[in-house]
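Data from query-v4.pdb: PDB, C-alpha atoms
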ATOM      1  CA  MET W1233     -45.062  56.272   1.689
ATOM      2  CA  ILE W1234     -41.742  57.093   3.311
ATOM      3  CA  ILE W1235     -40.412  60.403   2.046
ATOM      4  CA  ALA W1236     -36.724  61.120   1.760
ATOM      5  CA  GLU W1237     -34.571  63.766   0.163
ATOM      6  CA  LYS W1238     -31.129  63.513  -1.327
ATOM      7  CA  LYS W1239     -28.217  64.428   0.872
ATOM      8  CA  PRO W1240     -25.975  67.195  -0.480
ATOM      9  CA  ILE W1241     -23.311  65.666  -2.694
ATOM     10  CA  GLU W1242     -20.580  67.407  -0.690
ATOM     11  CA  GLU W1243     -21.660  65.437   2.386
ATOM     12  CA  ILE W1244     -21.522  62.158   0.479
ATOM     13  CA  ILE W1245     -18.113  62.999  -0.997
ATOM     14  CA  GLU W1246     -16.795  63.643   2.501
ATOM     15  CA  ALA W1247     -18.268  60.364   3.769
ATOM     16  CA  VAL W1248     -16.795  58.159   1.019
ATOM     17  CA  LYS W1249     -13.480  59.874   0.331
ATOM     18  CA  ASP W1250     -11.415  57.294   2.221
ATOM     19  CA  TYR W1251     -12.883  54.267   0.463
ATOM     20  CA  GLY W1252     -11.694  52.878  -2.857
ATOM     21  CA  ARG W1253     -14.449  50.476  -3.884
ATOM     22  CA  ILE W1254     -17.903  51.879  -3.336
ATOM     23  CA  LEU W1255     -21.382  50.565  -4.105
ATOM     24  CA  ILE W1256     -24.224  53.020  -4.586
ATOM     25  CA  LEU W1257     -27.287  51.032  -3.563
ATOM     26  CA  GLY W1258     -30.767  52.199  -4.511
ATOM     27  CA  CYS W1259     -34.183  50.979  -3.456
ATOM     28  CA  ASN W1260     -37.098  50.426  -5.825
ATOM     29  CA  GLU W1261     -39.803  51.375  -3.375
ATOM     30  CA  CYS W1262     -40.711  54.647  -1.607
ATOM     31  CA  VAL W1263     -37.461  56.483  -2.373
ATOM     32  CA  THR W1264     -37.925  55.724  -6.072
ATOM     33  CA  VAL W1265     -41.394  57.264  -6.046
ATOM     34  CA  CYS W1266     -40.207  60.379  -4.217
ATOM     35  CA  GLU W1267     -37.221  60.589  -6.588
ATOM     36  CA  ALA W1268     -34.553  60.483  -3.890
ATOM     37  CA  GLY W1269     -33.019  57.026  -4.039
ATOM     38  CA  GLY W1270     -34.194  54.981  -7.013
ATOM     39  CA  LYS W1271     -32.267  53.684  -9.987
ATOM     40  CA  LYS W1272     -32.077  57.101 -11.641
ATOM     41  CA  GLU W1273     -30.720  58.767  -8.524
ATOM     42  CA  VAL W1274     -28.202  55.938  -8.128
ATOM     43  CA  GLN W1275     -26.946  56.535 -11.665
ATOM     44  CA  VAL W1276     -26.668  60.277 -11.160
ATOM     45  CA  LEU W1277     -24.863  60.025  -7.826
ATOM     46  CA  ALA W1278     -22.468  57.341  -9.060
ATOM     47  CA  SER W1279     -21.636  59.340 -12.180
ATOM     48  CA  ALA W1280     -21.075  62.533 -10.201
ATOM     49  CA  LEU W1281     -18.836  60.766  -7.666
ATOM     50  CA  ARG W1282     -16.815  59.045 -10.392
ATOM     51  CA  MET W1283     -16.221  62.372 -12.120
ATOM     52  CA  TYR W1284     -15.379  64.181  -8.908
ATOM     53  CA  PHE W1285     -12.793  61.676  -7.738
ATOM     54  CA  LEU W1286     -11.339  61.239 -11.236
ATOM     55  CA  LYS W1287     -10.867  64.977 -11.448
ATOM     56  CA  GLU W1288      -9.137  64.879  -8.061
ATOM     57  CA  GLY W1289      -6.780  62.182  -9.375
ATOM     58  CA  ASP W1290      -8.323  59.580  -7.093
ATOM     59  CA  GLU W1291      -9.863  57.002  -9.400
ATOM     60  CA  LYS W1292     -12.301  54.928  -7.390
ATOM     61  CA  ARG W1293     -14.361  51.946  -8.414
ATOM     62  CA  ILE W1294     -17.920  53.123  -7.968
ATOM     63  CA  GLU W1295     -20.615  50.652  -8.930
ATOM     64  CA  GLU W1296     -24.397  50.899  -9.062
ATOM     65  CA  ARG W1297     -27.147  48.576  -7.973
ATOM     66  CA  THR W1298     -30.791  48.943  -7.068
ATOM     67  CA  LEU W1299     -32.662  46.365  -5.001
ATOM     68  CA  GLU W1300     -36.385  45.773  -5.065
ATOM     69  CA  ARG W1301     -36.462  46.686  -1.364
ATOM     70  CA  GLN W1302     -33.850  47.190   1.307
ATOM     71  CA  CYS W1303     -36.223  46.477   4.189
ATOM     72  CA  ASP W1304     -36.652  42.772   3.400
ATOM     73  CA  HIS W1305     -34.193  39.937   3.976
ATOM     74  CA  GLU W1306     -34.674  38.244   0.635
ATOM     75  CA  TYR W1307     -33.735  41.292  -1.428
ATOM     76  CA  LEU W1308     -30.807  42.295   0.779
ATOM     77  CA  GLU W1309     -29.517  38.730   0.547
ATOM     78  CA  GLU W1310     -28.908  39.353  -3.158
ATOM     79  CA  LEU W1311     -25.857  41.333  -2.072
ATOM     80  CA  ARG W1312     -24.376  38.506  -0.017
ATOM     81  CA  GLU W1313     -21.981  37.192  -2.660
ATOM     82  CA  ASP W1314     -20.798  40.627  -3.769
ATOM     83  CA  ILE W1315     -20.589  42.607  -0.558
ATOM     84  CA  ASP W1316     -16.915  41.788   0.036
ATOM     85  CA  ARG W1317     -16.039  43.498  -3.234
ATOM     86  CA  TYR W1318     -16.789  46.876  -1.674
ATOM     87  CA  ASP W1319     -15.077  48.940   0.987
ATOM     88  CA  ALA W1320     -18.297  50.871   1.647
ATOM     89  CA  VAL W1321     -21.922  51.003   0.543
ATOM     90  CA  VAL W1322     -23.854  54.239   0.125
ATOM     91  CA  SER W1323     -27.497  53.295   0.552
ATOM     92  CA  LEU W1324     -30.112  55.586  -0.957
ATOM     93  CA  ALA W1325     -32.887  53.776   0.898
ATOM     94  CA  CYS W1326     -34.718  55.315   3.844
ATOM     95  CA  GLY W1327     -33.265  54.949   7.324
ATOM     96  CA  VAL W1328     -34.940  51.557   7.614
ATOM     97  CA  GLY W1329     -33.125  50.176   4.582
ATOM     98  CA  VAL W1330     -29.746  51.568   5.615
ATOM     99  CA  GLN W1331     -30.049  50.015   9.072
ATOM    100  CA  PHE W1332     -31.326  46.691   7.835
ATOM    101  CA  ALA W1333     -28.419  46.425   5.417
ATOM    102  CA  ALA W1334     -25.993  47.466   8.149
ATOM    103  CA  GLU W1335     -27.341  44.775  10.491
ATOM    104  CA  LYS W1336     -26.937  42.154   7.797
ATOM    105  CA  TYR W1337     -23.449  43.076   6.636
ATOM    106  CA  MET W1338     -21.579  43.773   9.844
ATOM    107  CA  GLU W1339     -18.142  44.306   8.327
ATOM    108  CA  THR W1340     -19.072  46.753   5.566
ATOM    109  CA  PRO W1341     -19.617  50.440   6.336
ATOM    110  CA  LEU W1342     -23.160  51.474   5.330
ATOM    111  CA  LEU W1343     -23.494  55.184   4.648
ATOM    112  CA  PRO W1344     -26.818  56.983   4.154
ATOM    113  CA  GLY W1345     -27.247  58.850   0.882
ATOM    114  CA  VAL W1346     -30.608  60.398   1.748
ATOM    115  CA  ASN W1347     -32.282  62.079   4.686
ATOM    116  CA  THR W1348     -35.537  60.362   5.607
ATOM    117  CA  THR W1349     -38.058  63.089   6.309
ATOM    118  CA  CYS W1350     -41.557  61.760   6.965
ATOM    119  CA  LEU W1351     -44.485  59.535   6.051
ATOM    120  CA  GLY W1352     -46.216  61.641   3.486
ATOM    121  CA  ALA W1353     -48.242  62.051   0.359
ATOM    122  CA  ASN W1354     -47.308  63.394  -3.046
ATOM    123  CA  GLU W1355     -49.443  66.517  -2.831
ATOM    124  CA  GLN W1356     -48.314  67.810  -6.196
ATOM    125  CA  ARG W1357     -45.374  67.272  -8.511
ATOM    126  CA  GLY W1358     -42.274  67.840  -6.405
ATOM    127  CA  VAL W1359     -44.186  68.483  -3.169
ATOM    128  CA  TRP W1360     -44.552  65.891  -0.418
ATOM    129  CA  THR W1361     -46.313  66.613   2.837
ATOM    130  CA  GLU W1362     -46.555  64.706   6.080
ATOM    131  CA  ARG W1363     -49.726  62.738   6.727
ATOM    132  CA  CYS W1364     -48.849  60.185   9.383
ATOM    133  CA  GLN W1365     -46.544  59.899  12.366
ATOM    134  CA  ALA W1366     -47.066  56.172  12.840
ATOM    135  CA  CYS W1367     -48.355  56.788  16.381
ATOM    136  CA  GLY W1368     -49.632  53.225  16.535
ATOM    137  CA  SER W1369     -53.166  54.158  17.627
ATOM    138  CA  CYS W1370     -55.088  55.702  14.754
ATOM    139  CA  VAL W1371     -57.714  58.360  15.549
ATOM    140  CA  LEU W1372     -58.745  59.147  11.962
ATOM    141  CA  ALA W1373     -62.212  57.622  12.414
ATOM    142  CA  SER W1374     -63.157  60.356  14.876
ATOM    143  CA  THR W1375     -61.324  63.234  13.172
ATOM    144  CA  ALA W1376     -63.001  63.133   9.773
ATOM    145  CA  GLY W1377     -60.028  61.378   8.198
ATOM    146  CA  ILE W1378     -57.605  64.202   8.967
ATOM    147  CA  CYS W1379     -54.821  63.453  11.409
ATOM    148  CA  PRO W1380     -54.280  65.917  14.268
ATOM    149  CA  VAL W1381     -51.245  63.918  15.405
ATOM    150  CA  SER W1382     -49.222  64.468  12.259
ATOM    151  CA  ARG W1383     -50.766  67.678  10.957
ATOM    152  CA  CYS W1384     -51.207  69.736  14.114
ATOM    153  CA  ALA W1385     -47.977  71.198  15.472
ATOM    154  CA  LYS W1386     -49.174  70.573  19.045
ATOM    155  CA  ARG W1387     -50.867  67.242  18.304
ATOM    156  CA  VAL W1388     -53.968  68.437  20.205
ATOM    157  CA  LEU W1389     -56.909  66.054  20.054
ATOM    158  CA  ASN W1390     -59.871  68.211  21.098
ATOM    159  CA  GLY W1391     -60.233  71.161  18.784
ATOM    160  CA  PRO W1392     -57.806  73.886  17.749
ATOM    161  CA  CYS W1393     -55.518  75.776  20.090
ATOM    162  CA  GLY W1394     -55.495  79.567  20.343
ATOM    163  CA  GLY W1395     -52.908  79.788  17.588
ATOM    164  CA  SER W1396     -55.377  78.952  14.842
ATOM    165  CA  SER W1397     -56.113  82.029  12.764
ATOM    166  CA  ASP W1398     -58.037  82.236   9.487
ATOM    167  CA  GLY W1399     -57.610  78.500   9.104
ATOM    168  CA  LYS W1400     -53.836  78.693   9.392
ATOM    169  CA  CYS W1401     -51.415  77.573  12.091
ATOM    170  CA  GLU W1402     -49.466  80.086  14.136
ATOM    171  CA  ILE W1403     -46.151  78.377  13.410
ATOM    172  CA  ASN W1404     -46.418  79.005   9.682
ATOM    173  CA  LYS W1405     -48.944  81.101   7.768
ATOM    174  CA  GLU W1406     -48.861  78.646   4.880
ATOM    175  CA  LEU W1407     -49.662  75.686   7.108
ATOM    176  CA  ASP W1408     -53.305  74.708   7.382
ATOM    177  CA  CYS W1409     -54.664  74.340  10.898
ATOM    178  CA  ALA W1410     -55.430  70.611  11.120
ATOM    179  CA  TRP W1411     -58.455  71.289  13.296
ATOM    180  CA  GLN W1412     -59.847  73.799  10.827
ATOM    181  CA  LEU W1413     -59.559  71.079   8.183
ATOM    182  CA  ILE W1414     -61.260  68.587  10.500
ATOM    183  CA  ILE W1415     -64.141  70.970  11.237
ATOM    184  CA  ASP W1416     -64.561  71.808   7.541
ATOM    185  CA  ARG W1417     -64.723  68.147   6.665
ATOM    186  CA  LEU W1418     -67.085  67.279   9.523
ATOM    187  CA  LYS W1419     -69.407  69.984   8.153
ATOM    188  CA  ALA W1420     -69.164  68.505   4.664
ATOM    189  CA  LEU W1421     -69.950  65.072   6.074
ATOM    190  CA  GLY W1422     -72.897  66.428   8.050
ATOM    191  CA  ARG W1423     -71.310  65.126  11.234
ATOM    192  CA  LEU W1424     -70.448  68.329  13.054
ATOM    193  CA  GLU W1425     -71.942  66.853  16.217
ATOM    194  CA  ASP W1426     -68.852  64.579  16.346
ATOM    195  CA  TYR W1427     -66.857  67.697  17.150
ATOM    196  CA  GLU W1428     -68.648  67.873  20.491
ATOM    197  CA  CYS W1429     -67.367  64.446  21.520
ATOM    198  CA  VAL W1430     -64.419  64.731  23.877
ATOM    199  CA  ALA W1431     -61.573  62.499  22.776
ATOM    200  CA  PRO W1432     -60.253  60.294  25.578
ATOM    201  CA  ILE W1433     -56.655  60.584  26.694
ATOM    202  CA  LYS W1434     -54.613  59.007  23.956
ATOM    203  CA  ASP W1435     -52.417  56.037  24.710
ATOM    204  CA  TRP W1436     -49.030  57.340  23.669
ATOM    205  CA  SER W1437     -47.262  54.147  24.652
ATOM    206  CA  THR W1438     -47.774  52.927  21.086
ATOM    207  CA  ASP W1439     -45.987  56.032  19.830
ATOM    208  CA  ARG W1440     -42.260  56.587  20.286
ATOM    209  CA  ALA W1441     -42.932  57.260  23.988
ATOM    210  CA  GLY W1442     -43.039  53.513  24.457
ATOM    211  CA  GLY W1443     -39.599  53.068  22.928
ATOM    212  CA  PRO W1444     -38.791  51.339  19.614
ATOM    213  CA  ARG W1445     -41.838  49.449  18.433
ATOM    214  CA  LYS W1446     -42.250  45.913  17.273
ATOM    215  CA  THR W1447     -45.161  44.413  15.387
ATOM    216  CA  VAL W1448     -45.620  40.675  15.685
ATOM    217  CA  ARG W1449     -48.236  38.900  13.570
ATOM    218  CA  GLU W1450     -48.417  35.286  14.598
ATOM    219  CA  ASP W1451     -51.154  34.697  12.021
ATOM    220  CA  VAL W1452     -48.729  35.277   9.173
ATOM    221  CA  GLN W1453     -45.656  33.723  10.764
ATOM    222  CA  ILE W1454     -44.466  30.382   9.464
TER
ATOM    223  CA  MET T1067     -30.068  77.557 -47.181
ATOM    224  CA  ARG T1068     -26.386  76.724 -46.701
ATOM    225  CA  LEU T1069     -25.248  77.686 -43.242
ATOM    226  CA  LYS T1070     -21.884  77.083 -41.632
ATOM    227  CA  CYS T1071     -22.019  75.392 -38.260
ATOM    228  CA  PRO T1072     -19.211  74.309 -35.916
ATOM    229  CA  SER T1073     -18.399  70.687 -36.702
ATOM    230  CA  ASN T1074     -17.088  69.655 -33.299
ATOM    231  CA  PHE T1075     -20.348  68.667 -31.661
ATOM    232  CA  ARG T1076     -22.372  65.523 -31.868
ATOM    233  CA  ILE T1077     -26.120  65.690 -32.228
ATOM    234  CA  VAL T1078     -28.118  63.238 -30.137
ATOM    235  CA  ARG T1079     -31.670  63.214 -31.417
ATOM    236  CA  LEU T1080     -34.577  62.794 -29.045
ATOM    237  CA  PRO T1081     -38.299  62.520 -29.765
ATOM    238  CA  CYS T1082     -38.783  65.465 -27.392
ATOM    239  CA  THR T1083     -36.392  67.238 -25.034
ATOM    240  CA  GLY T1084     -38.685  65.996 -22.260
ATOM    241  CA  LYS T1085     -37.003  62.624 -22.828
ATOM    242  CA  ILE T1086     -33.653  63.906 -21.603
ATOM    243  CA  ASP T1087     -32.571  62.969 -18.127
ATOM    244  CA  VAL T1088     -29.874  64.291 -15.823
ATOM    245  CA  ILE T1089     -27.867  61.098 -16.262
ATOM    246  CA  HIS T1090     -27.681  61.582 -20.054
ATOM    247  CA  ILE T1091     -25.988  64.920 -19.511
ATOM    248  CA  LEU T1092     -23.665  63.639 -16.786
ATOM    249  CA  ARG T1093     -22.656  60.588 -18.857
ATOM    250  CA  SER T1094     -21.633  62.905 -21.686
ATOM    251  CA  PHE T1095     -19.229  64.655 -19.337
ATOM    252  CA  GLU T1096     -18.070  61.372 -17.847
ATOM    253  CA  LYS T1097     -17.183  60.253 -21.362
ATOM    254  CA  GLY T1098     -15.206  63.425 -21.919
ATOM    255  CA  ALA T1099     -17.525  65.943 -23.564
ATOM    256  CA  ASP T1100     -16.476  69.530 -22.874
ATOM    257  CA  GLY T1101     -20.005  70.903 -22.953
ATOM    258  CA  VAL T1102     -23.612  69.910 -23.563
ATOM    259  CA  TYR T1103     -26.404  72.042 -24.886
ATOM    260  CA  VAL T1104     -29.981  70.971 -25.128
ATOM    261  CA  VAL T1105     -32.064  72.494 -27.898
ATOM    262  CA  GLY T1106     -35.792  72.297 -27.361
ATOM    263  CA  CYS T1107     -38.866  73.820 -28.902
ATOM    264  CA  ARG T1108     -39.817  77.334 -27.907
ATOM    265  CA  GLU T1109     -41.432  77.610 -24.521
ATOM    266  CA  GLY T1110     -45.184  77.335 -24.821
ATOM    267  CA  GLU T1111     -44.902  75.477 -28.114
ATOM    268  CA  CYS T1112     -44.136  71.963 -26.905
ATOM    269  CA  HIS T1113     -46.199  69.384 -28.764
ATOM    270  CA  PHE T1114     -46.334  67.420 -25.506
ATOM    271  CA  THR T1115     -47.145  70.555 -23.483
ATOM    272  CA  SER T1116     -44.295  70.526 -20.996
ATOM    273  CA  GLY T1117     -41.407  68.523 -22.480
ATOM    274  CA  ASN T1118     -39.136  71.531 -22.898
ATOM    275  CA  PHE T1119     -39.927  72.764 -19.382
ATOM    276  CA  ARG T1120     -38.992  69.369 -17.986
ATOM    277  CA  ALA T1121     -35.780  69.499 -19.997
ATOM    278  CA  ARG T1122     -34.920  72.925 -18.626
ATOM    279  CA  LYS T1123     -35.361  71.668 -15.063
ATOM    280  CA  ARG T1124     -33.096  68.710 -15.752
ATOM    281  CA  VAL T1125     -30.487  70.904 -17.389
ATOM    282  CA  GLU T1126     -30.554  73.062 -14.258
ATOM    283  CA  GLN T1127     -30.190  69.979 -12.057
ATOM    284  CA  ALA T1128     -27.251  68.731 -14.105
ATOM    285  CA  ALA T1129     -25.638  72.181 -13.991
ATOM    286  CA  ALA T1130     -25.986  72.277 -10.192
ATOM    287  CA  ILE T1131     -24.323  68.863  -9.856
ATOM    288  CA  LEU T1132     -21.524  69.756 -12.275
ATOM    289  CA  GLU T1133     -20.891  72.942 -10.343
ATOM    290  CA  LYS T1134     -20.697  71.086  -7.032
ATOM    291  CA  ILE T1135     -18.230  68.499  -8.305
ATOM    292  CA  GLY T1136     -15.986  71.110  -9.851
ATOM    293  CA  ILE T1137     -16.634  70.402 -13.535
ATOM    294  CA  GLY T1138     -18.510  73.686 -13.947
ATOM    295  CA  GLY T1139     -22.249  74.184 -14.235
ATOM    296  CA  GLU T1140     -21.803  76.698 -17.037
ATOM    297  CA  ARG T1141     -20.765  73.873 -19.362
ATOM    298  CA  VAL T1142     -24.389  72.884 -19.852
ATOM    299  CA  ARG T1143     -27.032  75.127 -21.366
ATOM    300  CA  MET T1144     -30.555  74.998 -22.699
ATOM    301  CA  TYR T1145     -31.684  76.803 -25.832
ATOM    302  CA  ASN T1146     -35.146  77.098 -27.321
ATOM    303  CA  LEU T1147     -36.028  77.537 -30.960
ATOM    304  CA  SER T1148     -38.483  76.264 -33.524
ATOM    305  CA  SER T1149     -37.618  73.676 -36.153
ATOM    306  CA  GLY T1150     -37.795  76.389 -38.823
ATOM    307  CA  GLU T1151     -35.065  78.521 -37.282
ATOM    308  CA  ALA T1152     -31.913  77.062 -38.773
ATOM    309  CA  PRO T1153     -29.963  80.349 -38.615
ATOM    310  CA  LEU T1154     -30.725  80.553 -34.908
ATOM    311  CA  PHE T1155     -29.545  76.960 -34.450
ATOM    312  CA  VAL T1156     -26.262  77.908 -36.107
ATOM    313  CA  GLN T1157     -26.019  81.025 -33.959
ATOM    314  CA  TYR T1158     -26.550  79.045 -30.744
ATOM    315  CA  SER T1159     -24.090  76.364 -31.855
ATOM    316  CA  THR T1160     -21.429  78.980 -32.567
ATOM    317  CA  GLU T1161     -22.189  80.715 -29.289
ATOM    318  CA  MET T1162     -21.861  77.462 -27.367
ATOM    319  CA  ASP T1163     -18.667  76.554 -29.216
ATOM    320  CA  ASP T1164     -17.102  79.915 -28.287
ATOM    321  CA  HIS T1165     -18.348  79.624 -24.742
ATOM    322  CA  ILE T1166     -16.866  76.158 -24.209
ATOM    323  CA  ARG T1167     -13.576  77.115 -25.877
ATOM    324  CA  ASN T1168     -13.290  79.943 -23.375
ATOM    325  CA  LEU T1169     -13.901  77.525 -20.509
ATOM    326  CA  GLY T1170     -11.291  75.071 -21.753
ATOM    327  CA  PRO T1171     -11.441  71.280 -21.728
ATOM    328  CA  ASN T1172     -13.497  69.171 -19.364
ATOM    329  CA  PRO T1173     -11.247  68.432 -16.347
ATOM    330  CA  VAL T1174     -12.423  64.810 -16.343
ATOM    331  CA  ARG T1175     -11.083  64.332 -19.879
ATOM    332  CA  ASN T1176      -7.588  65.176 -18.740
ATOM    333  CA  ALA T1177      -7.775  62.773 -15.845
ATOM    334  CA  LYS T1178      -6.443  59.261 -16.079
ATOM    335  CA  GLY T1179      -8.412  56.897 -18.257
ATOM    336  CA  ALA T1180     -11.042  59.358 -19.461
ATOM    337  CA  GLY T1181      -9.176  60.429 -22.594
ATOM    338  CA  GLU T1182      -9.848  57.193 -24.433
ATOM    339  CA  HIS T1183     -13.612  57.712 -24.096
ATOM    340  CA  ALA T1184     -13.561  61.376 -25.098
ATOM    341  CA  ALA T1185     -16.549  62.420 -27.162
TER
END
Please express what this file holds, its structure, as structure tokens.
Amino acid sequence: MIIAEKKPIEEIIEAVKDYGRILILGCNECVTVCEAGGKKEVQVLASALRMYFLKEGDEKRIEERTLERQCDHEYLEELREDIDRYDAVVSLACGVGVQFAAEKYMETPLLPGVNTTCLGANEQRGVWTERCQACGSCVLASTAGICPVSRCAKRVLNGPCGGSSDGKCEINKELDCAWQLIIDRLKALGRLEDYECVAPIKDWSTDRAGGPRKTVREDVQI
Amino acid sequence: MRLKCPSNFRIVRLPCTGKIDVIHILRSFEKGADGVYVVGCREGECHFTSGNFRARKRVEQAAAILEKIGIGGERVRMYNLSSGEAPLFVQYSTEMDDHIRNLGPNPVRNAKGAGEHAA
């Protein structure tokens, strides 16, 4: 899922201080699961902002709402009738949701309430780690299910670099070397001979190198 | 056992302190409470294993937010005791009462409109 973390409240205060009617808009999907922008976080942020501005003698109207998703037209359309009631919207969705809302409601400032960090997994309670960089050309079949694109600092595709030491990466002693993990898993699978196969030059045009990407599925279009 | 306890606090009963959320604490302040203290079971003695540890984390989160918005993180505290320790409950209540009196009223309560909701 998409991982995000809450922006510092001071940054949000600074961003909204000039607006009188503010909507705090949560998203029920990824940011709810990673506890950065769901209904609970909307409530907490709205309450904190109300108290802060009240204390400063600047009573604002701060309302709360959480949509099922902010990356789909039909859910964002639910705001259509109410959007003019607000001077600004603080979206706690990932960067996708903030932008999609901004594209839809051209005349309302859309402010991000979270920092979107990566596509990751919930490794343990309160810990999320990157697992995918959405490179658009998955190599997991030949790397024992462990991604060297997202988990290797250099994104090397043919074995570890010289910075791999005791199974750890040279950039951080707590970071596993992705290629060590791949080799360990190939051994467990009894497929160590796959390690000898030289990976072809990867087509990076499907990654960000090819510019913003677009996926078109004519089979599901109506 | 007849023990004298400060009478100026309201008890909100929960099935376990693990039920408490940050928003419950913040709403109390938004409604004008001067302080909030959460009283959970002793650490290591939670019937649900980790309810009181979860509560402590949430109290810390609420305190951090209150500090950042200028209400004061020291207005919220967590205490641990067993259900058989009434004298300790009274001691903590008195301690919290003194502590909050020293801090003075919640700044939100003095602000426009909040007084009518004061808890």
Worksheet item: If you count only C-alpha atoms, which residues fall within 9 Å of Ala1366 of chain W, apart from same-chain ones fewer than 6 positions away, as a PyMOL selection string?
Response: chain W and resi 1351+1382+1438-1440
Let me have the centre and edge lengths of the axis-aligned box enclosing all listed atoms of segment 1164-1170 of chain T with 4 Å padding on every side, in Å to one decimal, as lines of an AutoDock Vina configuration file.
center_x = -14.8
center_y = 77.5
center_z = -24.4
size_x = 15.1
size_y = 12.9
size_z = 15.8
Discussion item. Taking the file as I've supplied it (selection: the PyMOL selection byres ((chain W) within 12 of (chain T))), which residues are included? Please answer as a ChimeraX atom specification.
Written reply: /W:1240-1246,1271-1292,1357-1358
Using all atoms listed in the file, which residues sit within 12 Å of segment 1415-1423 of chain W once same-chain residues fewer than 6 positions away are excluded, as a CSV table (one decimal) with C-alpha atoms, in the frame of the given file?
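Once everything was written out, this is selection.csv:
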chain,number,residue,atom,x,y,z
W,1372,LEU,CA,-58.7,59.1,12.0
W,1373,ALA,CA,-62.2,57.6,12.4
W,1374,SER,CA,-63.2,60.4,14.9
W,1375,THR,CA,-61.3,63.2,13.2
W,1376,ALA,CA,-63.0,63.1,9.8
W,1377,GLY,CA,-60.0,61.4,8.2
W,1378,ILE,CA,-57.6,64.2,9.0
W,1379,CYS,CA,-54.8,63.5,11.4
W,1380,PRO,CA,-54.3,65.9,14.3
W,1390,ASN,CA,-59.9,68.2,21.1
W,1391,GLY,CA,-60.2,71.2,18.8
W,1392,PRO,CA,-57.8,73.9,17.7
W,1399,GLY,CA,-57.6,78.5,9.1
W,1408,ASP,CA,-53.3,74.7,7.4
W,1409,CYS,CA,-54.7,74.3,10.9
W,1429,CYS,CA,-67.4,64.4,21.5
Worksheet entry | Selected residue, from T:Met1162, T:Phe1119, T:Tyr1103, T:Arg1167, that lies nearest to Arg1143 of chain T when counting all atoms listed in the file | T:Tyr1103
Worksheet item: Which residues fall under the PyMOL selection byres ((chain T and resi 1082) around 8) in this file, as a PyMOL selection string?
Response: chain T and resi 1080-1081+1083-1086+1106+1117-1118
Discussion item. Once the PyMOL selection byres ((chain T and resi 1069) around 8) is applied to the coordinates I shared, what remains selected? I want it as a PyMOL selection string.
Written reply: chain T and resi 1067-1068+1070-1071+1153+1156
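Going from atom CA of Thr1340 of chain W over to atom CA of Leu1299 of chain W, you cover 17.2 Å.
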Worksheet item: Suppose you want the space between atom CA of Ile1254 of chain W and atom CA of Asn1347 of chain W; what is it in Å?
Response: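 Going from atom CA of Ile1254 of chain W over to atom CA of Asn1347 of chain W covers 19.4 Å.
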Practice prompt. Just give me the gap between atom CA of Pro1171 of chain T and atom CA of Gly1138 of chain T in Å, one decimal is fine.
Written response: 10.8 Å
Worksheet item: Neighbours of Ile1403 of chain W within 12 Å (all atoms listed in the file; same-chain residues fewer than 5 positions away dropped), as number ranges by chain?
Response: W: 1383-1386, 1393-1397, 1408-1409
Worksheet item: Looking at T:Arg1079, T:Ser1148, T:Glu1126, T:Phe1155, which one is nearest to His1113 of chain T, with distances taken over all atoms listed in the file?
Response: T:Ser1148
